[in-house]
Amino acid sequence: MTVSANISDILSRSSWIRKMFEEGARLKEKHGAASVYDFSLGNPYLQPPRSFYDALERTVKSSAKGDHAYMPNTGYPHVCKAVADYLSKEQQKKISENEVIMTCGAAGALNITLKAILDPGDEVITPAPYFVEYNFYANNHGGLLKAVPTRPDFTLDMEGMARAVTPKTKAVLINSPNNPTGQIYSQESLAGLGKLLKDKGQVYQRTIYLISDEPYRKIVYDGAAVPAIFSGYNESIICSSYSKDISIPGERIGFVAVNPDATFKQTLLGGLGLANRILGFVNAPALMQRVIASLQGVCVDISEYARNRDLLCDGLADCGYDFVCPSGAFYLFPKAPIADDVRFVRALQEELILVVPGSGFGGPGHFRIAFCVDDETIVNALPGFKRVRQRFTDS
């Protein structure tokens with residue numbers, strides 16, 4: 001065996017998203033990129049806003065001695081303060097720079113958080129469908145991910161969440177707006193979740209954290225808003241990034257913010273800073289930290305994603321698909337016309353349409369469409385979506 005048994009097992013269950021991305025590369029080479037309709041990867045197609053390029057240019061031109069050296073593992077203090085000041089307005093609670101840690105994207109934020117809080121065998125509960133990498137993130141640090149199905153409209157099933165909490169529960173991990181469903185969890189449900197975790201924590205005499213993964217927070221439609229979690233539960237942590245809202249996923253820049261009223265705040269922050277170092281991230285990229293300091297609240301033009309959503313939803317509705325129209329993010333999660341979502345996705349591949357089976361997200365019987373693509377991809381793919389659905393409904 002050349003790799004560990006654990007990595008070998010993970011490789012055998014590796015992300016459907018990456019599998020479909022690789023299949024897309026093969027089909028594009030064979031048929032030409034213009035003939036393949038690739039909805040597999042949540043890779044923003046919009047260019048970053050002009051203000052990003054302006055900030056990047058200013059930062060490069062003003063670089064001084066030491067600007068590319070190590071800094072505190074938690075990030076530049078002035079950058080942490082810029083993030084904290086913005087979050088204070090968003091979360092309606094005063095947050096200081098000492099409660100923010102800059103990270104290598106939201107993935108880095110989640111990994112240092114789980115590293116800091118998990119003991120071997122601890123459980124992390126997440127509503128399903130969920131981002132497939134959560135399984136691996138929990139496993140990285142000795143934890144076990146427990147998925148709790150959501151309701152048919154992908155809202156939280158509070159009774160199911162209550163049943164899932166045990167003496168081994170260390171955290172609940174939510175993602176709102178959600179990947180892959182686009183659902184936004186309501187203020188009422190988050191308040192209920194906070195009360196549930198507070199009550200269960202008292203029963204089991206342990207802190208149960210609420211971790212909110214929020215890279216899609218600014219990508220919302222129809223006047224929707226993402227509720228603030230810090231005002232509803234003290235033992236809460238935000239993990240986020242600038243990958244989606246300003247279209248810079250390759251730059252790997254994000255942050256962790258700890259609720260200023262968390263019971264063991266100082267110990268938690270110390271653990272996060274340590275985890276940032278010992279997991280090999282060391283610190284978030286120096287250049288990108290300085291760039292995003294002046295870009296708090298900046299976002300790409302969401303109306304373009306909204307137009308894509310409406311174009312796709314209208315087209316699939318005309319084809320007869322059943323789905324919940326997403327309130328945020330840039331994903332649609334329709335029901336497959338047959339129970340075997342993998343078989344259905346393979347049939348779509350025959351039309352050179354690449355989507356991801358819902359089974360990969362803990363949502364069997366569905367499939368995920370990432371609509372962060374150009375209009376032509378959606379329009380040209382719709383006849384293929386229609387043909388494949390008819391093939392299964394007419395048989």
# chains A, B, ... in the order shown; residues from 1 in each chain; ligands from 1
>>> select_by_dssp(residues="stretch 119-271 of chain A", states="strand (DSSP E)", output="count of residues only")
35
>>> residues_around(residues="A:Ala381", least_positions_apart="4", cutoff="12 Å", atoms="only C-alpha atoms", output="PyMOL selection string")
chain A and resi 34-39+311-312+315-316+319+348-355+369+371+373-377+385-388
>>> write_last_selection(atoms="C-alpha atoms", output="short mmCIF file (atom, residue, chain, number, x, y, z; two decimals), in the first residue's frame")
data_model
loop_
_atom_site.label_atom_id
_atom_site.label_comp_id
_atom_site.auth_asym_id
_atom_site.auth_seq_id
_atom_site.Cartn_x
_atom_site.Cartn_y
_atom_site.Cartn_z
CA ALA A 34 -18.42 24.67 -27.12
CA SER A 35 -20.31 21.38 -27.52
CA VAL A 36 -20.12 20.39 -23.83
CA TYR A 37 -22.51 21.96 -21.30
CA ASP A 38 -20.61 21.87 -18.04
CA PHE A 39 -22.64 22.61 -14.89
CA LEU A 311 -33.41 31.38 -17.29
CA LEU A 312 -32.61 27.91 -15.97
CA GLY A 315 -36.48 26.37 -18.96
CA LEU A 316 -36.51 23.35 -16.66
CA CYS A 319 -39.38 20.64 -19.49
CA LEU A 348 -27.38 13.52 -19.35
CA GLN A 349 -23.71 12.93 -20.16
CA GLU A 350 -24.85 11.30 -23.40
CA GLU A 351 -26.25 14.73 -24.28
CA LEU A 352 -22.90 16.24 -23.25
CA ILE A 353 -24.53 17.81 -20.18
CA LEU A 354 -22.48 17.58 -17.00
CA VAL A 355 -24.22 17.83 -13.63
CA ILE A 369 -26.71 22.18 -11.53
CA PHE A 371 -25.54 27.88 -13.00
CA VAL A 373 -22.03 29.74 -16.43
CA ASP A 374 -22.70 31.90 -19.48
CA ASP A 375 -26.22 32.25 -20.88
CA GLU A 376 -25.44 30.21 -24.00
CA THR A 377 -24.53 27.16 -21.94
CA PHE A 385 -32.43 18.25 -20.50
CA LYS A 386 -35.85 17.89 -22.12
CA ARG A 387 -34.90 14.86 -24.22
CA VAL A 388 -33.43 12.96 -21.29
#
>>> residues_around(residues="stretch 292-302 of chain A", least_positions_apart="5", cutoff="6 Å", atoms="only C-alpha atoms", output="MDAnalysis selection string")
chainID A and resid 49 79 82 245:246
>>> atom_distance(atom1="atom CA of A:Thr166", atom2="atom CA of A:Leu279")
28.4 Å
>>> residues_around(residues="A:Gln183", least_positions_apart="4", cutoff="10 Å", atoms="only C-alpha atoms", output="number ranges by chain")
A: 153-156, 175-179, 220, 324-329, 331-333
>>> closest_residue(among="A:Val345, A:Leu190, A:Ala106, A:Ala257", to="A:Asp213", atoms="only C-alpha atoms")
A:Ala106
>>> atom_distance(atom1="atom CA of A:Glu90", atom2="atom CA of A:Ile238")
11.8 Å
>>> select_by_dssp(residues="stretch 157-304 of chain A", states="alpha helix (DSSP H)", output="ChimeraX atom specification")
/A:158-164,187-204,265-278,286-292,302-304
>>> write_last_selection(atoms="N, CA and C atoms", output="compact mmCIF listing (two decimals), in the first residue's frame")
# COMPACT_ATOMS: atom_id res chain seq x y z
N MET A 158 -36.19 20.56 12.53
CA MET A 158 -35.72 20.76 13.89
C MET A 158 -35.88 19.52 14.75
N GLU A 159 -36.93 18.74 14.51
CA GLU A 159 -37.10 17.51 15.28
C GLU A 159 -35.99 16.52 14.95
N GLY A 160 -35.66 16.43 13.67
CA GLY A 160 -34.56 15.56 13.27
C GLY A 160 -33.23 16.00 13.86
N MET A 161 -33.00 17.31 13.88
CA MET A 161 -31.76 17.84 14.47
C MET A 161 -31.70 17.51 15.96
N ALA A 162 -32.82 17.64 16.65
CA ALA A 162 -32.85 17.36 18.09
C ALA A 162 -32.54 15.89 18.36
N ARG A 163 -33.08 15.00 17.54
CA ARG A 163 -32.82 13.57 17.73
C ARG A 163 -31.35 13.22 17.48
N ALA A 164 -30.70 14.00 16.61
CA ALA A 164 -29.33 13.68 16.22
C ALA A 164 -28.29 14.06 17.27
N GLN A 187 -34.41 33.02 10.15
CA GLN A 187 -34.05 33.51 11.49
C GLN A 187 -34.72 32.68 12.56
N GLU A 188 -35.98 32.32 12.33
CA GLU A 188 -36.73 31.52 13.31
C GLU A 188 -36.08 30.16 13.53
N SER A 189 -35.69 29.51 12.43
CA SER A 189 -35.10 28.18 12.57
C SER A 189 -33.72 28.25 13.22
N LEU A 190 -32.96 29.29 12.92
CA LEU A 190 -31.63 29.43 13.54
C LEU A 190 -31.75 29.75 15.03
N ALA A 191 -32.76 30.53 15.39
CA ALA A 191 -32.99 30.80 16.80
C ALA A 191 -33.37 29.51 17.52
N GLY A 192 -34.21 28.71 16.86
CA GLY A 192 -34.59 27.42 17.44
C GLY A 192 -33.39 26.49 17.56
N LEU A 193 -32.51 26.53 16.57
CA LEU A 193 -31.32 25.69 16.62
C LEU A 193 -30.40 26.13 17.75
N GLY A 194 -30.25 27.45 17.92
CA GLY A 194 -29.44 27.95 19.02
C GLY A 194 -29.97 27.51 20.38
N LYS A 195 -31.29 27.59 20.56
CA LYS A 195 -31.89 27.16 21.83
C LYS A 195 -31.68 25.66 22.04
N LEU A 196 -31.84 24.90 20.97
CA LEU A 196 -31.65 23.45 21.05
C LEU A 196 -30.22 23.13 21.52
N LEU A 197 -29.23 23.78 20.92
CA LEU A 197 -27.84 23.48 21.27
C LEU A 197 -27.50 23.96 22.68
N LYS A 198 -28.09 25.08 23.08
CA LYS A 198 -27.88 25.55 24.45
C LYS A 198 -28.46 24.57 25.46
N ASP A 199 -29.68 24.11 25.21
CA ASP A 199 -30.33 23.16 26.12
C ASP A 199 -29.59 21.83 26.17
N LYS A 200 -29.22 21.33 25.00
CA LYS A 200 -28.51 20.05 24.94
C LYS A 200 -27.13 20.16 25.58
N GLY A 201 -26.48 21.31 25.42
CA GLY A 201 -25.19 21.52 26.03
C GLY A 201 -25.27 21.47 27.55
N GLN A 202 -26.35 22.03 28.10
CA GLN A 202 -26.55 21.99 29.55
C GLN A 202 -26.82 20.56 30.02
N VAL A 203 -27.59 19.82 29.25
CA VAL A 203 -27.90 18.43 29.60
C VAL A 203 -26.63 17.59 29.61
N TYR A 204 -25.81 17.74 28.56
CA TYR A 204 -24.62 16.90 28.42
C TYR A 204 -23.36 17.52 29.03
N LYS A 265 -13.81 31.73 24.74
CA LYS A 265 -13.35 32.46 23.56
C LYS A 265 -11.83 32.48 23.44
N GLN A 266 -11.14 32.83 24.49
CA GLN A 266 -9.69 32.98 24.40
C GLN A 266 -8.99 31.65 24.11
N THR A 267 -9.46 30.59 24.76
CA THR A 267 -8.87 29.27 24.49
C THR A 267 -9.16 28.85 23.05
N LEU A 268 -10.38 29.12 22.59
CA LEU A 268 -10.75 28.76 21.23
C LEU A 268 -9.91 29.53 20.21
N LEU A 269 -9.75 30.82 20.44
CA LEU A 269 -8.94 31.63 19.52
C LEU A 269 -7.49 31.18 19.51
N GLY A 270 -6.98 30.82 20.67
CA GLY A 270 -5.62 30.31 20.73
C GLY A 270 -5.47 29.02 19.95
N GLY A 271 -6.49 28.16 20.06
CA GLY A 271 -6.46 26.90 19.33
C GLY A 271 -6.56 27.11 17.83
N LEU A 272 -7.35 28.07 17.40
CA LEU A 272 -7.48 28.37 15.97
C LEU A 272 -6.16 28.89 15.39
N GLY A 273 -5.51 29.79 16.13
CA GLY A 273 -4.24 30.32 15.67
C GLY A 273 -3.18 29.23 15.57
N LEU A 274 -3.17 28.35 16.57
CA LEU A 274 -2.23 27.23 16.55
C LEU A 274 -2.52 26.30 15.38
N ALA A 275 -3.80 25.98 15.17
CA ALA A 275 -4.17 25.08 14.08
C ALA A 275 -3.80 25.67 12.72
N ASN A 276 -3.92 26.99 12.57
CA ASN A 276 -3.54 27.64 11.32
C ASN A 276 -2.06 27.34 11.00
N ARG A 277 -1.25 27.32 12.05
CA ARG A 277 0.18 27.08 11.86
C ARG A 277 0.49 25.60 11.65
N ILE A 278 -0.01 24.75 12.51
CA ILE A 278 0.44 23.36 12.48
C ILE A 278 -0.21 22.55 11.37
N ALA A 286 -0.27 36.84 2.19
CA ALA A 286 -0.01 38.22 2.61
C ALA A 286 -0.58 39.24 1.63
N LEU A 287 -0.36 39.04 0.34
CA LEU A 287 -0.82 40.01 -0.65
C LEU A 287 -2.34 40.11 -0.63
N MET A 288 -3.03 38.96 -0.63
CA MET A 288 -4.49 38.99 -0.66
C MET A 288 -5.10 39.55 0.61
N GLN A 289 -4.44 39.34 1.74
CA GLN A 289 -4.94 39.97 2.97
C GLN A 289 -4.99 41.48 2.80
N ARG A 290 -3.90 42.05 2.29
CA ARG A 290 -3.84 43.50 2.16
C ARG A 290 -4.83 44.00 1.10
N VAL A 291 -5.06 43.21 0.08
CA VAL A 291 -6.01 43.61 -0.98
C VAL A 291 -7.43 43.65 -0.44
N ILE A 292 -7.85 42.60 0.24
CA ILE A 292 -9.27 42.54 0.66
C ILE A 292 -9.58 43.47 1.83
N ILE A 302 -24.76 40.63 -8.73
CA ILE A 302 -25.60 39.46 -8.47
C ILE A 302 -26.72 39.34 -9.50
N SER A 303 -27.07 40.44 -10.16
CA SER A 303 -28.18 40.38 -11.13
C SER A 303 -27.87 39.41 -12.27
N GLU A 304 -26.58 39.21 -12.56
CA GLU A 304 -26.23 38.27 -13.61
C GLU A 304 -26.52 36.83 -13.19
>>> residues_around(residues="A:Gln390", least_positions_apart="3", cutoff="12 Å", atoms="only C-alpha atoms", output="ChimeraX atom specification")
/A:319-321,336-338,344,347-348,383-387,393-395
>>> atom_distance(atom1="atom CA of A:Pro152", atom2="atom CA of A:Phe330")
19.3 Å
>>> residues_around(residues="A:Tyr130", least_positions_apart="5", cutoff="9 Å", atoms="only C-alpha atoms", output="ChimeraX atom specification")
/A:147,174-175,178-181,360-363
>>> closest_residue(among="A:Phe255, A:Phe392, A:Tyr233, A:Tyr221", to="A:Asp310", atoms="only C-alpha atoms")
A:Tyr221
>>> closest_residue(among="A:Lys146, A:His31, A:His78, A:Lys335", to="A:Arg368", atoms="only C-alpha atoms")
A:Lys335
>>> closest_residue(among="A:Val165, A:Leu41, A:Leu114, A:Cys313", to="A:Gly142", atoms="only C-alpha atoms")
A:Leu114
>>> closest_residue(among="A:Ile378, A:Leu87, A:Ala284, A:Val226", to="A:Glu251", atoms="only C-alpha atoms")
A:Ala284
